[in-house]
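Structure file structure_20.cif (mmCIF, N, CA and C atoms) is printed below.
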```cif
data_coords
loop_
_atom_site.label_atom_id
_atom_site.label_comp_id
_atom_site.auth_asym_id
_atom_site.auth_seq_id
_atom_site.Cartn_x
_atom_site.Cartn_y
_atom_site.Cartn_z
N MET A 819 171.49 157.48 74.56
CA MET A 819 170.33 158.23 74.15
C MET A 819 170.65 158.97 72.85
N ASN A 820 170.08 158.51 71.78
CA ASN A 820 170.31 159.11 70.48
C ASN A 820 169.15 160.06 70.17
N HIS A 821 169.41 161.35 70.37
CA HIS A 821 168.34 162.34 70.21
C HIS A 821 167.92 162.51 68.76
N LYS A 822 168.87 162.41 67.83
CA LYS A 822 168.52 162.58 66.42
C LYS A 822 167.60 161.45 65.95
N ARG A 823 167.86 160.24 66.42
CA ARG A 823 167.03 159.11 66.04
C ARG A 823 165.62 159.27 66.61
N ASP A 824 165.51 159.69 67.86
CA ASP A 824 164.20 159.91 68.47
C ASP A 824 163.43 161.03 67.77
N LEU A 825 164.15 162.08 67.37
CA LEU A 825 163.51 163.18 66.65
C LEU A 825 162.99 162.70 65.30
N LEU A 826 163.78 161.88 64.62
CA LEU A 826 163.37 161.35 63.33
C LEU A 826 162.18 160.39 63.46
N ILE A 827 162.19 159.59 64.51
CA ILE A 827 161.06 158.69 64.76
C ILE A 827 159.80 159.50 65.05
N GLY A 828 159.92 160.55 65.84
CA GLY A 828 158.77 161.41 66.12
C GLY A 828 158.26 162.10 64.88
N PHE A 829 159.17 162.52 64.00
CA PHE A 829 158.78 163.14 62.74
C PHE A 829 158.00 162.14 61.88
N ALA A 830 158.51 160.92 61.79
CA ALA A 830 157.84 159.88 61.00
C ALA A 830 156.47 159.55 61.58
N ILE A 831 156.39 159.48 62.89
CA ILE A 831 155.10 159.21 63.55
C ILE A 831 154.12 160.34 63.25
N GLY A 832 154.59 161.58 63.27
CA GLY A 832 153.73 162.72 62.97
C GLY A 832 153.21 162.70 61.55
N ILE A 833 154.06 162.38 60.59
CA ILE A 833 153.63 162.31 59.19
C ILE A 833 152.65 161.15 58.99
N LEU A 834 152.96 159.99 59.59
CA LEU A 834 152.07 158.84 59.46
C LEU A 834 150.72 159.09 60.13
N ALA A 835 150.72 159.81 61.25
CA ALA A 835 149.46 160.13 61.92
C ALA A 835 148.62 161.06 61.06
N CYS A 836 149.26 161.97 60.37
CA CYS A 836 148.53 162.88 59.46
C CYS A 836 147.93 162.09 58.30
N ILE A 837 148.71 161.18 57.72
CA ILE A 837 148.19 160.35 56.62
C ILE A 837 147.04 159.49 57.11
N LEU A 838 147.17 158.93 58.32
CA LEU A 838 146.08 158.14 58.89
C LEU A 838 144.84 159.00 59.12
N GLY A 839 145.03 160.23 59.58
CA GLY A 839 143.91 161.13 59.78
C GLY A 839 143.19 161.46 58.48
N VAL A 840 143.96 161.68 57.41
CA VAL A 840 143.36 161.94 56.10
C VAL A 840 142.58 160.71 55.63
N PHE A 841 143.19 159.53 55.81
CA PHE A 841 142.52 158.28 55.42
C PHE A 841 141.22 158.08 56.19
N LEU A 842 141.26 158.30 57.49
CA LEU A 842 140.04 158.14 58.30
C LEU A 842 138.96 159.14 57.90
N PHE A 843 139.36 160.38 57.63
CA PHE A 843 138.39 161.38 57.21
C PHE A 843 137.74 160.99 55.89
N LEU A 844 138.55 160.56 54.93
CA LEU A 844 138.01 160.16 53.64
C LEU A 844 137.13 158.92 53.76
N SER A 845 137.49 158.01 54.66
CA SER A 845 136.71 156.78 54.82
C SER A 845 135.35 157.04 55.46
N PHE A 846 135.33 157.89 56.48
CA PHE A 846 134.09 158.07 57.24
C PHE A 846 133.17 159.15 56.66
N PHE A 847 133.72 160.19 56.07
CA PHE A 847 132.90 161.33 55.69
C PHE A 847 132.71 161.52 54.19
N THR A 848 133.35 160.68 53.36
CA THR A 848 133.15 160.77 51.92
C THR A 848 132.87 159.38 51.37
N ASP A 849 132.43 159.34 50.14
CA ASP A 849 132.18 158.06 49.48
C ASP A 849 133.35 157.63 48.61
N PHE A 850 134.48 158.35 48.67
CA PHE A 850 135.63 158.07 47.83
C PHE A 850 136.57 157.08 48.50
N ASP A 851 137.37 156.40 47.67
CA ASP A 851 138.51 155.66 48.18
C ASP A 851 139.62 156.65 48.49
N PHE A 852 140.72 156.15 49.05
CA PHE A 852 141.79 157.05 49.50
C PHE A 852 142.40 157.82 48.32
N ILE A 853 142.88 157.12 47.31
CA ILE A 853 143.57 157.77 46.20
C ILE A 853 142.60 158.63 45.39
N ILE A 854 141.42 158.11 45.12
CA ILE A 854 140.42 158.88 44.36
C ILE A 854 139.97 160.10 45.15
N GLY A 855 139.84 159.96 46.45
CA GLY A 855 139.47 161.09 47.31
C GLY A 855 140.53 162.18 47.30
N ILE A 856 141.80 161.79 47.34
CA ILE A 856 142.89 162.77 47.29
C ILE A 856 142.86 163.51 45.95
N GLN A 857 142.68 162.76 44.87
CA GLN A 857 142.64 163.39 43.54
C GLN A 857 141.43 164.31 43.41
N SER A 858 140.31 163.88 43.95
CA SER A 858 139.10 164.70 43.88
C SER A 858 139.26 165.99 44.67
N MET A 859 139.79 165.88 45.88
CA MET A 859 139.99 167.08 46.70
C MET A 859 141.02 168.01 46.07
N LYS A 860 142.03 167.44 45.43
CA LYS A 860 143.04 168.28 44.77
C LYS A 860 142.42 169.03 43.59
N SER A 861 141.57 168.34 42.83
CA SER A 861 140.95 169.01 41.68
C SER A 861 139.97 170.10 42.11
N GLU A 862 139.35 169.92 43.30
CA GLU A 862 138.44 170.93 43.82
C GLU A 862 139.16 172.05 44.57
N GLY A 863 140.46 171.89 44.79
CA GLY A 863 141.23 172.91 45.51
C GLY A 863 141.08 172.81 47.02
N LYS A 864 140.71 171.65 47.51
CA LYS A 864 140.49 171.47 48.95
C LYS A 864 141.50 170.54 49.59
N LEU A 865 142.61 170.26 48.91
CA LEU A 865 143.60 169.34 49.44
C LEU A 865 144.25 169.87 50.71
N SER A 866 144.54 171.15 50.76
CA SER A 866 145.17 171.72 51.96
C SER A 866 144.24 171.64 53.16
N LYS A 867 142.96 171.80 52.95
CA LYS A 867 142.00 171.67 54.05
C LYS A 867 141.92 170.23 54.53
N LEU A 868 142.01 169.29 53.61
CA LEU A 868 141.98 167.87 53.95
C LEU A 868 143.21 167.48 54.77
N ILE A 869 144.36 167.98 54.36
CA ILE A 869 145.60 167.68 55.10
C ILE A 869 145.55 168.30 56.49
N THR A 870 145.00 169.49 56.59
CA THR A 870 144.88 170.14 57.89
C THR A 870 143.97 169.35 58.82
N LEU A 871 142.87 168.83 58.30
CA LEU A 871 142.00 167.98 59.12
C LEU A 871 142.71 166.71 59.55
N GLY A 872 143.54 166.16 58.67
CA GLY A 872 144.30 164.97 59.02
C GLY A 872 145.33 165.23 60.10
N ALA A 873 145.83 166.45 60.16
CA ALA A 873 146.86 166.79 61.15
C ALA A 873 146.29 166.90 62.56
N ILE A 874 144.99 166.89 62.70
CA ILE A 874 144.39 166.93 64.04
C ILE A 874 144.80 165.70 64.86
N LEU A 875 144.99 164.59 64.17
CA LEU A 875 145.41 163.36 64.85
C LEU A 875 146.80 163.50 65.46
N ASP A 876 147.61 164.42 64.95
CA ASP A 876 148.93 164.67 65.52
C ASP A 876 148.83 165.20 66.95
N LEU A 877 147.77 165.92 67.25
CA LEU A 877 147.57 166.43 68.61
C LEU A 877 147.43 165.28 69.60
N VAL A 878 146.72 164.25 69.20
CA VAL A 878 146.55 163.07 70.05
C VAL A 878 147.89 162.37 70.25
N VAL A 879 148.63 162.20 69.16
CA VAL A 879 149.94 161.54 69.23
C VAL A 879 150.89 162.34 70.11
N PHE A 880 150.85 163.66 69.97
CA PHE A 880 151.70 164.54 70.79
C PHE A 880 151.39 164.35 72.28
N GLY A 881 150.12 164.32 72.63
CA GLY A 881 149.73 164.13 74.02
C GLY A 881 150.16 162.78 74.56
N ILE A 882 150.02 161.74 73.75
CA ILE A 882 150.42 160.41 74.19
C ILE A 882 151.93 160.34 74.42
N LEU A 883 152.70 160.92 73.50
CA LEU A 883 154.15 160.90 73.67
C LEU A 883 154.59 161.71 74.88
N LEU A 884 153.94 162.81 75.16
CA LEU A 884 154.27 163.57 76.37
C LEU A 884 153.92 162.80 77.63
N LYS A 885 152.81 162.09 77.58
CA LYS A 885 152.40 161.29 78.74
C LYS A 885 153.41 160.17 79.01
N MET A 886 154.04 159.66 77.94
CA MET A 886 155.03 158.59 78.07
C MET A 886 156.44 159.12 78.33
N ASN A 887 156.58 160.43 78.56
CA ASN A 887 157.86 161.09 78.80
C ASN A 887 158.83 160.92 77.63
N LYS A 888 158.34 161.04 76.42
CA LYS A 888 159.15 160.99 75.20
C LYS A 888 159.19 162.39 74.60
N GLU A 889 159.90 163.29 75.28
CA GLU A 889 159.90 164.69 74.88
C GLU A 889 160.55 164.91 73.52
N ILE A 890 161.61 164.18 73.21
CA ILE A 890 162.30 164.37 71.94
C ILE A 890 161.42 163.90 70.79
N MET A 891 160.72 162.78 70.98
CA MET A 891 159.79 162.31 69.95
C MET A 891 158.64 163.31 69.78
N SER A 892 158.22 163.92 70.87
CA SER A 892 157.17 164.94 70.79
C SER A 892 157.64 166.13 69.97
N ARG A 893 158.91 166.48 70.11
CA ARG A 893 159.46 167.56 69.28
C ARG A 893 159.43 167.17 67.81
N GLY A 894 159.67 165.90 67.52
CA GLY A 894 159.59 165.42 66.14
C GLY A 894 158.19 165.56 65.57
N VAL A 895 157.18 165.30 66.40
CA VAL A 895 155.79 165.46 65.96
C VAL A 895 155.50 166.93 65.68
N VAL A 896 156.00 167.81 66.53
CA VAL A 896 155.81 169.25 66.31
C VAL A 896 156.51 169.67 65.02
N LEU A 897 157.70 169.14 64.76
CA LEU A 897 158.40 169.43 63.52
C LEU A 897 157.60 168.95 62.31
N ALA A 898 156.98 167.78 62.43
CA ALA A 898 156.13 167.26 61.35
C ALA A 898 154.94 168.18 61.11
N VAL A 899 154.33 168.69 62.17
CA VAL A 899 153.19 169.60 62.02
C VAL A 899 153.63 170.90 61.35
N ILE A 900 154.81 171.39 61.69
CA ILE A 900 155.33 172.60 61.05
C ILE A 900 155.56 172.36 59.56
N CYS A 901 156.13 171.21 59.22
CA CYS A 901 156.36 170.88 57.81
C CYS A 901 155.03 170.71 57.07
N ILE A 902 154.05 170.11 57.71
CA ILE A 902 152.72 169.96 57.10
C ILE A 902 152.09 171.33 56.88
N ALA A 903 152.25 172.23 57.85
CA ALA A 903 151.69 173.57 57.71
C ALA A 903 152.35 174.32 56.56
N ILE A 904 153.65 174.20 56.42
CA ILE A 904 154.34 174.84 55.30
C ILE A 904 153.88 174.25 53.99
N PHE A 905 153.69 172.92 53.96
CA PHE A 905 153.21 172.27 52.73
C PHE A 905 151.81 172.75 52.36
N THR A 906 150.94 172.90 53.35
CA THR A 906 149.57 173.33 53.04
C THR A 906 149.51 174.78 52.60
N ILE A 907 150.47 175.59 53.01
CA ILE A 907 150.51 176.97 52.56
C ILE A 907 150.81 177.03 51.06
N PHE A 908 151.73 176.18 50.61
CA PHE A 908 152.16 176.21 49.22
C PHE A 908 151.41 175.23 48.33
N ALA A 909 150.51 174.42 48.89
CA ALA A 909 149.78 173.44 48.07
C ALA A 909 148.55 174.07 47.46
#
```

Before anything else, please render the file you have as structure tokens.
Amino acid sequence: MNHKRDLLIGFAIGILACILGVFLFLSFFTDFDFIIGIQSMKSEGKLSKLITLGAILDLVVFGILLKMNKEIMSRGVVLAVICIAIFTIFA
């Protein structure tokens, strides 16, 4: 049981889930493409809000990993959410 590897996998899953959440939000609720939407939100000063909305998908991933008894990977997702929160504070 390699705990560091599981933590890193959970962190990667958390970051990818956030990116997927941002992509889905931009696809369904705006008329922009992904890159153009990111640039537009950044120029309007709403990038941190967009990333925060994307992080909602991490809650779903966290619940699924807990249901599958992958506690270490769930910790990685929580670590990803903490890093995303720190990034949004300074972005």

Between atom N of Gly832 in chain A and CA of Ile853 in chain A, measure the distance and give it in Å to one decimal.
-> 20.7 Å

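Look at Leu868 in chain A: the protein and nucleic acid residues within 8 Å of it, using only C-alpha atoms and passing over chain neighbours fewer than 3 places away, are Val840, Met859, Lys864, Leu865, Leu871 and Gly872 of chain A.
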
Could you tell me how far atom C of Ile907 in chain A lies from atom N of Lys867 in chain A, in Å and to one decimal?
-> 9.6 Å

Would you mind reading off the distance between CA of Leu844 in chain A and CA of Ile856 in chain A, one decimal, in Å?
-> 8.4 Å

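When only C-alpha atoms are used to compute distances to Phe880 in chain A, the closest of the residues A:Gly863, A:Ala898, A:Thr906, A:Arg823 turns out to be A:Ala898.
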
Kindly resolve the PyMOL selection byres ((chain A and resi 891) around 8) on the present coordinates and return the residues as a PDB file with N, CA and C atoms, keeping the file's coordinate frame.
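Output below, filename part-v2.pdb:
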```
ATOM      1  N   HIS A 821     169.410 161.350  70.370  1.00  0.00           N
ATOM      2  CA  HIS A 821     168.340 162.340  70.210  1.00  0.00           C
ATOM      3  C   HIS A 821     167.920 162.510  68.760  1.00  0.00           C
ATOM      4  N   ARG A 823     167.860 160.240  66.420  1.00  0.00           N
ATOM      5  CA  ARG A 823     167.030 159.110  66.040  1.00  0.00           C
ATOM      6  C   ARG A 823     165.620 159.270  66.610  1.00  0.00           C
ATOM      7  N   ASP A 824     165.510 159.690  67.860  1.00  0.00           N
ATOM      8  CA  ASP A 824     164.200 159.910  68.470  1.00  0.00           C
ATOM      9  C   ASP A 824     163.430 161.030  67.770  1.00  0.00           C
ATOM     10  N   LEU A 825     164.150 162.080  67.370  1.00  0.00           N
ATOM     11  CA  LEU A 825     163.510 163.180  66.650  1.00  0.00           C
ATOM     12  C   LEU A 825     162.990 162.700  65.300  1.00  0.00           C
ATOM     13  N   LEU A 826     163.780 161.880  64.620  1.00  0.00           N
ATOM     14  CA  LEU A 826     163.370 161.350  63.330  1.00  0.00           C
ATOM     15  C   LEU A 826     162.180 160.390  63.460  1.00  0.00           C
ATOM     16  N   ILE A 827     162.190 159.590  64.510  1.00  0.00           N
ATOM     17  CA  ILE A 827     161.060 158.690  64.760  1.00  0.00           C
ATOM     18  C   ILE A 827     159.800 159.500  65.050  1.00  0.00           C
ATOM     19  N   GLY A 828     159.920 160.550  65.840  1.00  0.00           N
ATOM     20  CA  GLY A 828     158.770 161.410  66.120  1.00  0.00           C
ATOM     21  C   GLY A 828     158.260 162.100  64.880  1.00  0.00           C
ATOM     22  N   PHE A 829     159.170 162.520  64.000  1.00  0.00           N
ATOM     23  CA  PHE A 829     158.780 163.140  62.740  1.00  0.00           C
ATOM     24  C   PHE A 829     158.000 162.140  61.880  1.00  0.00           C
ATOM     25  N   GLY A 832     154.590 161.580  63.270  1.00  0.00           N
ATOM     26  CA  GLY A 832     153.730 162.720  62.970  1.00  0.00           C
ATOM     27  C   GLY A 832     153.210 162.700  61.550  1.00  0.00           C
ATOM     28  N   VAL A 879     148.630 162.200  69.160  1.00  0.00           N
ATOM     29  CA  VAL A 879     149.940 161.540  69.230  1.00  0.00           C
ATOM     30  C   VAL A 879     150.890 162.340  70.110  1.00  0.00           C
ATOM     31  N   PHE A 880     150.850 163.660  69.970  1.00  0.00           N
ATOM     32  CA  PHE A 880     151.700 164.540  70.790  1.00  0.00           C
ATOM     33  C   PHE A 880     151.390 164.350  72.280  1.00  0.00           C
ATOM     34  N   LEU A 883     152.700 160.920  73.500  1.00  0.00           N
ATOM     35  CA  LEU A 883     154.150 160.900  73.670  1.00  0.00           C
ATOM     36  C   LEU A 883     154.590 161.710  74.880  1.00  0.00           C
ATOM     37  N   LEU A 884     153.940 162.810  75.160  1.00  0.00           N
ATOM     38  CA  LEU A 884     154.270 163.570  76.370  1.00  0.00           C
ATOM     39  C   LEU A 884     153.920 162.800  77.630  1.00  0.00           C
ATOM     40  N   ASN A 887     156.580 160.430  78.560  1.00  0.00           N
ATOM     41  CA  ASN A 887     157.860 161.090  78.800  1.00  0.00           C
ATOM     42  C   ASN A 887     158.830 160.920  77.630  1.00  0.00           C
ATOM     43  N   LYS A 888     158.340 161.040  76.420  1.00  0.00           N
ATOM     44  CA  LYS A 888     159.150 160.990  75.200  1.00  0.00           C
ATOM     45  C   LYS A 888     159.190 162.390  74.600  1.00  0.00           C
ATOM     46  N   GLU A 889     159.900 163.290  75.280  1.00  0.00           N
ATOM     47  CA  GLU A 889     159.900 164.690  74.880  1.00  0.00           C
ATOM     48  C   GLU A 889     160.550 164.910  73.520  1.00  0.00           C
ATOM     49  N   ILE A 890     161.610 164.180  73.210  1.00  0.00           N
ATOM     50  CA  ILE A 890     162.300 164.370  71.940  1.00  0.00           C
ATOM     51  C   ILE A 890     161.420 163.900  70.790  1.00  0.00           C
ATOM     52  N   SER A 892     158.220 163.920  70.870  1.00  0.00           N
ATOM     53  CA  SER A 892     157.170 164.940  70.790  1.00  0.00           C
ATOM     54  C   SER A 892     157.640 166.130  69.970  1.00  0.00           C
ATOM     55  N   ARG A 893     158.910 166.480  70.110  1.00  0.00           N
ATOM     56  CA  ARG A 893     159.460 167.560  69.280  1.00  0.00           C
ATOM     57  C   ARG A 893     159.430 167.170  67.810  1.00  0.00           C
ATOM     58  N   GLY A 894     159.670 165.900  67.520  1.00  0.00           N
ATOM     59  CA  GLY A 894     159.590 165.420  66.140  1.00  0.00           C
ATOM     60  C   GLY A 894     158.190 165.560  65.570  1.00  0.00           C
ATOM     61  N   VAL A 895     157.180 165.300  66.400  1.00  0.00           N
ATOM     62  CA  VAL A 895     155.790 165.460  65.960  1.00  0.00           C
ATOM     63  C   VAL A 895     155.500 166.930  65.680  1.00  0.00           C
ATOM     64  N   VAL A 896     156.000 167.810  66.530  1.00  0.00           N
ATOM     65  CA  VAL A 896     155.810 169.250  66.310  1.00  0.00           C
ATOM     66  C   VAL A 896     156.510 169.670  65.020  1.00  0.00           C
ATOM     67  N   LEU A 897     157.700 169.140  64.760  1.00  0.00           N
ATOM     68  CA  LEU A 897     158.400 169.430  63.520  1.00  0.00           C
ATOM     69  C   LEU A 897     157.600 168.950  62.310  1.00  0.00           C
TER      70      LEU A 897
END
```

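Applied to this file, the PyMOL selection byres ((chain A and resi 836) around 6.5) selects the residues Ile831, Gly832, Ile833, Leu834, Ala835, Ile837, Leu838, Gly839, Val840, Phe841, Gly872, Ala873, Ile874, Leu875 and Asp876 of chain A.
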